[in-house]
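I have placed the structure first, in the form of structure tokens, so that the comments after it can refer back to it.
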Amino acid sequence: MRSLPCAFALALAACSTGGTDPAAKGASPPAGPKLPNIVLFSIDTLRADHLGMEGHPGDISPRLDAFGRESVVFERAVSQAPSTTPAHMSLFTGLTPAVHRVLNVDRENPAVRPLAPSVPTFPERLQEEGYYTVGLHAGGNMEGDFGFDRGFHLYSQDFISYNWVKAYEEPEDLDVIRHWLRIAKERDKPLFLFLHHYVCHVPYVSAPEPLREKHLAGKRVPGLNTGPSDEVKIKIADALGDLPSSRRQLIGIARSYSSRLRWSFWSGVDMSRPDHRAHIMALYDSSVAYADLLFGRVMDILKEEGGYEDSIIIVTSDHGEEFFEHGGREHGKLFTEHLQVPLMVRFPAGSGRTPRTVRGTVRLFDVLPTIMEYLEIPIVDPVQAQSFLPLIDGRGGYDPVVVSYNGSDLQNVRIEKDCFSWSDEGYGESSQTLFDLGTDPAEQANLASTRADLAADMERIAAKQREEDAALRDRLGSAGPGVRPPDPRLVEQLEALGYLNP
């Protein structure tokens with residue numbers, strides 16, 4: 001490996017916010033068979049139905065599609081929240097958002113509420129089992145301030161170039177992945193690698209100009225935003241590179257530009273117009289195509305370093321995105337396009353879990369309990385999530401209530417049961433929604449008034465779920481952990497993503 005820039009090398013040597021190299025602790029690998037590496041790749045804001053493997057046109061995702069052919073693919077995976085922080089924290093803890101109470105920082109929730117110390121996380125459990133745990137993320141509502149850094153030897157946003165600049169193109173970004181794969185291999189330790197980026201997040205202009213032009217062909221609406229040209233990107237990147245600033249400061253300046261771009265992105269857009277929707281979705285598709293390219297680069301590194309065949313590799317997202325299906329845009333509602341996410345799990349060669357498509361619905365936060373069961377690692381109570389390994393193996397025994405929460409104080413809940421979805425978030429003039437997912441998977445025909453008996457049954461199930469969540473929340477003491485205002489660094493990142501006014 002080539003020599004690393006000083007700041008990069010020092011960060012690797014520190015290996016954590018606490019500055020301790022896990023290799024220096026002298027910890028031995030756990031007894032028994034060697035545990036496999038685990039790679040969890042979260043592509044923020046990726047809609048499940050905008051992949052080629054789901055029938056989306058345009059050769060949009062060849063690398064993800066190829067990966068899917070080697071994986072267990074879930075027909076329908078539902079997130080526990082339509083926003084980044086609560087969805088990922090449910091993924092990391094196996095608890096519903098109503099229990100862990102860790103929410104996005106945005107205009108409705110301007111304060112950080114970190115995860116309560118009494119709540120264990122899966123990265124902590126993996127670390128206890130001898131894993132090196134490394135999280136490389138893109139900041140914002142994934143910052144360590146929320147408690148995401150717990151259980152990680154290294155949890156950093158310094159190595160992931162910010163979306164529109166050069167995500168996963170700077171040598172440092174890929175070298176840190178190579179570094180940890182090599183360290184784990186040299187020291188015969190398993191690695192848990194969490195990767196996350198916002199390439200598909202609004203504004204949908206992360207992709208290089210040729211990709212944007214390819215997907216805009218025949219769909220461009222004059223006057224609507226198409227993003228900065230590659231020439232402008234290069235000039236800005238060069239200008240940033242000439243500044244006597246640290247890497248983090250450079251990324252911060254880039255984010256300031258992205259913030260202005262994000263707030264101008266929707267200028268002149270009328271999502272009720274089909275041509276405007278087509279223009280916007282074309283840009284989104286270019287971002288998906290770019291995310292596919294980046295995913296391929298990471299998989300190539302795994303193969304080059306000899307870590308692909310024997311690793312557990314998980315690809316998913318935290319939430320989807322709306323393009324006016326229910327009169328809105330972006331994400332943050334309890335409709336299927338906000339909650340349904342892709343989920344693919346590639347098990348190690350020789351595991352007996354052959355590539356296949358699993359029918360039915362699974363909950364996103366059940367992923368890590370599934371991996372823990374596969375690894376025969378006991379899960380520390382409390383965890384509401386459950387393994388769907390029996391579903392993969394055709395043994396049955398997996399039929400949970402699918403629950404998702406939303407709202408500034410998680411006041412709204414959605415449940416799925418027996419191929420119906422119900423929510424008290426309301427839509428139009430109705431205070432409830434009830435959809436038959438079997439005949440109406442896009443959730444266009446609200447049955448709440450015509451199937452009042454079923455709606456009442458679903459409401460009772462939701463009320464029971466709320467009671468169970470409240471009881472566990474009280475037992476854990478997670479109802480009211482201290483809140484604090486975000487620091488200037490986090491404010492800068494959230495402004496760039498559009499969660500706070502610049």
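We label chains A, B, ... in the order they appear in the structure tokens, count residues from 1 in each chain, and number ligands from 1 in the order shown.
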
- Task: Can you pull out every residue within 9 Å of range 456-466 of chain A, counting only C-alpha atoms, but drop anything in the same chain fewer than 5 positions away, and send it as a PyMOL selection string?
- Result: chain A and resi 98+401+403+413-417+420-424+434+448+451+471

- Can you list, as a list in words, every protein, DNA or RNA residue that comes within 6 Å of range 63-72 of chain A when you count only C-alpha atoms, leaving out same-chain residues fewer than 5 positions away?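 Final neighbour list, sorted by chain and number: Met53, Asp292, Gly296, Met344, Val345, Arg346, Pro355, Arg356 and Thr357 of chain A.
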
- Message: Could you go through range 113-236 of chain A and tell me which residues DSSP, when run on the backbone, assigns to strand (DSSP E), listing them as a ChimeraX atom specification?
- Response: /A:132-136,154-156,191-197

Those selected residues, please, written with N, CA and C atoms and delivered as a short mmCIF file (atom, residue, chain, number, x, y, z; two decimals), in the first residue's frame.
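File produced: selection_19.cif:
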```cif
data_model
loop_
_atom_site.label_atom_id
_atom_site.label_comp_id
_atom_site.auth_asym_id
_atom_site.auth_seq_id
_atom_site.Cartn_x
_atom_site.Cartn_y
_atom_site.Cartn_z
N TYR A 132 -12.82 -6.52 15.13
CA TYR A 132 -12.48 -5.13 14.89
C TYR A 132 -13.74 -4.49 14.32
N THR A 133 -14.11 -3.34 14.81
CA THR A 133 -15.35 -2.69 14.38
C THR A 133 -15.02 -1.31 13.82
N VAL A 134 -15.34 -1.12 12.54
CA VAL A 134 -14.98 0.11 11.84
C VAL A 134 -16.21 0.65 11.12
N GLY A 135 -16.54 1.91 11.38
CA GLY A 135 -17.66 2.56 10.72
C GLY A 135 -17.19 3.77 9.93
N LEU A 136 -17.41 3.78 8.63
CA LEU A 136 -17.06 4.90 7.77
C LEU A 136 -18.36 5.45 7.19
N LEU A 154 -13.17 2.43 15.35
CA LEU A 154 -13.06 3.64 14.54
C LEU A 154 -14.43 3.94 13.96
N TYR A 155 -14.95 5.13 14.23
CA TYR A 155 -16.22 5.56 13.65
C TYR A 155 -16.00 6.99 13.17
N SER A 156 -15.93 7.18 11.86
CA SER A 156 -15.46 8.46 11.34
C SER A 156 -16.12 8.82 10.03
N LEU A 191 -13.54 -8.75 11.03
CA LEU A 191 -13.80 -7.31 10.88
C LEU A 191 -15.29 -7.08 10.65
N PHE A 192 -15.86 -6.16 11.41
CA PHE A 192 -17.20 -5.64 11.12
C PHE A 192 -17.01 -4.27 10.51
N LEU A 193 -17.37 -4.12 9.24
CA LEU A 193 -17.18 -2.87 8.50
C LEU A 193 -18.54 -2.30 8.12
N PHE A 194 -18.86 -1.13 8.66
CA PHE A 194 -20.10 -0.44 8.33
C PHE A 194 -19.77 0.71 7.40
N LEU A 195 -20.43 0.75 6.24
CA LEU A 195 -20.21 1.78 5.23
C LEU A 195 -21.53 2.50 4.94
N HIS A 196 -21.46 3.81 4.80
CA HIS A 196 -22.68 4.60 4.60
C HIS A 196 -22.34 5.85 3.80
N HIS A 197 -23.23 6.23 2.88
CA HIS A 197 -23.06 7.51 2.18
C HIS A 197 -24.43 8.06 1.77
#
```

- If you measure from CA of Leu283 in chain A to CA of Ser267 in chain A, what distance in Å do you get, rounded to one decimal?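 Computed distance, CA of Leu283 in chain A to CA of Ser267 in chain A, equals 14.6 Å.
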
Which residues are close to range 486-490 of chain A, i.e. within 9 Å by only C-alpha atoms, leaving aside same-chain residues fewer than 5 positions away? Reply as an mmCIF file with C-alpha atoms, in the first residue's frame.
```
data_model
loop_
_atom_site.group_PDB
_atom_site.id
_atom_site.type_symbol
_atom_site.label_atom_id
_atom_site.label_comp_id
_atom_site.auth_asym_id
_atom_site.auth_seq_id
_atom_site.Cartn_x
_atom_site.Cartn_y
_atom_site.Cartn_z
ATOM 1 C CA VAL A 105 -31.916 16.543 14.214
ATOM 2 C CA PRO A 110 -33.299 20.885 16.814
ATOM 3 C CA ALA A 111 -31.499 19.036 19.632
ATOM 4 C CA VAL A 112 -29.406 15.865 19.774
ATOM 5 C CA GLY A 139 -21.825 12.467 8.787
ATOM 6 C CA GLY A 140 -24.995 14.449 9.357
ATOM 7 C CA ASN A 141 -27.622 12.417 11.154
ATOM 8 C CA GLU A 143 -22.634 11.260 13.485
ATOM 9 C CA ASP A 145 -22.997 12.330 18.692
ATOM 10 C CA GLY A 252 -16.895 21.342 5.484
ATOM 11 C CA GLU A 495 -27.519 22.304 6.700
#
```
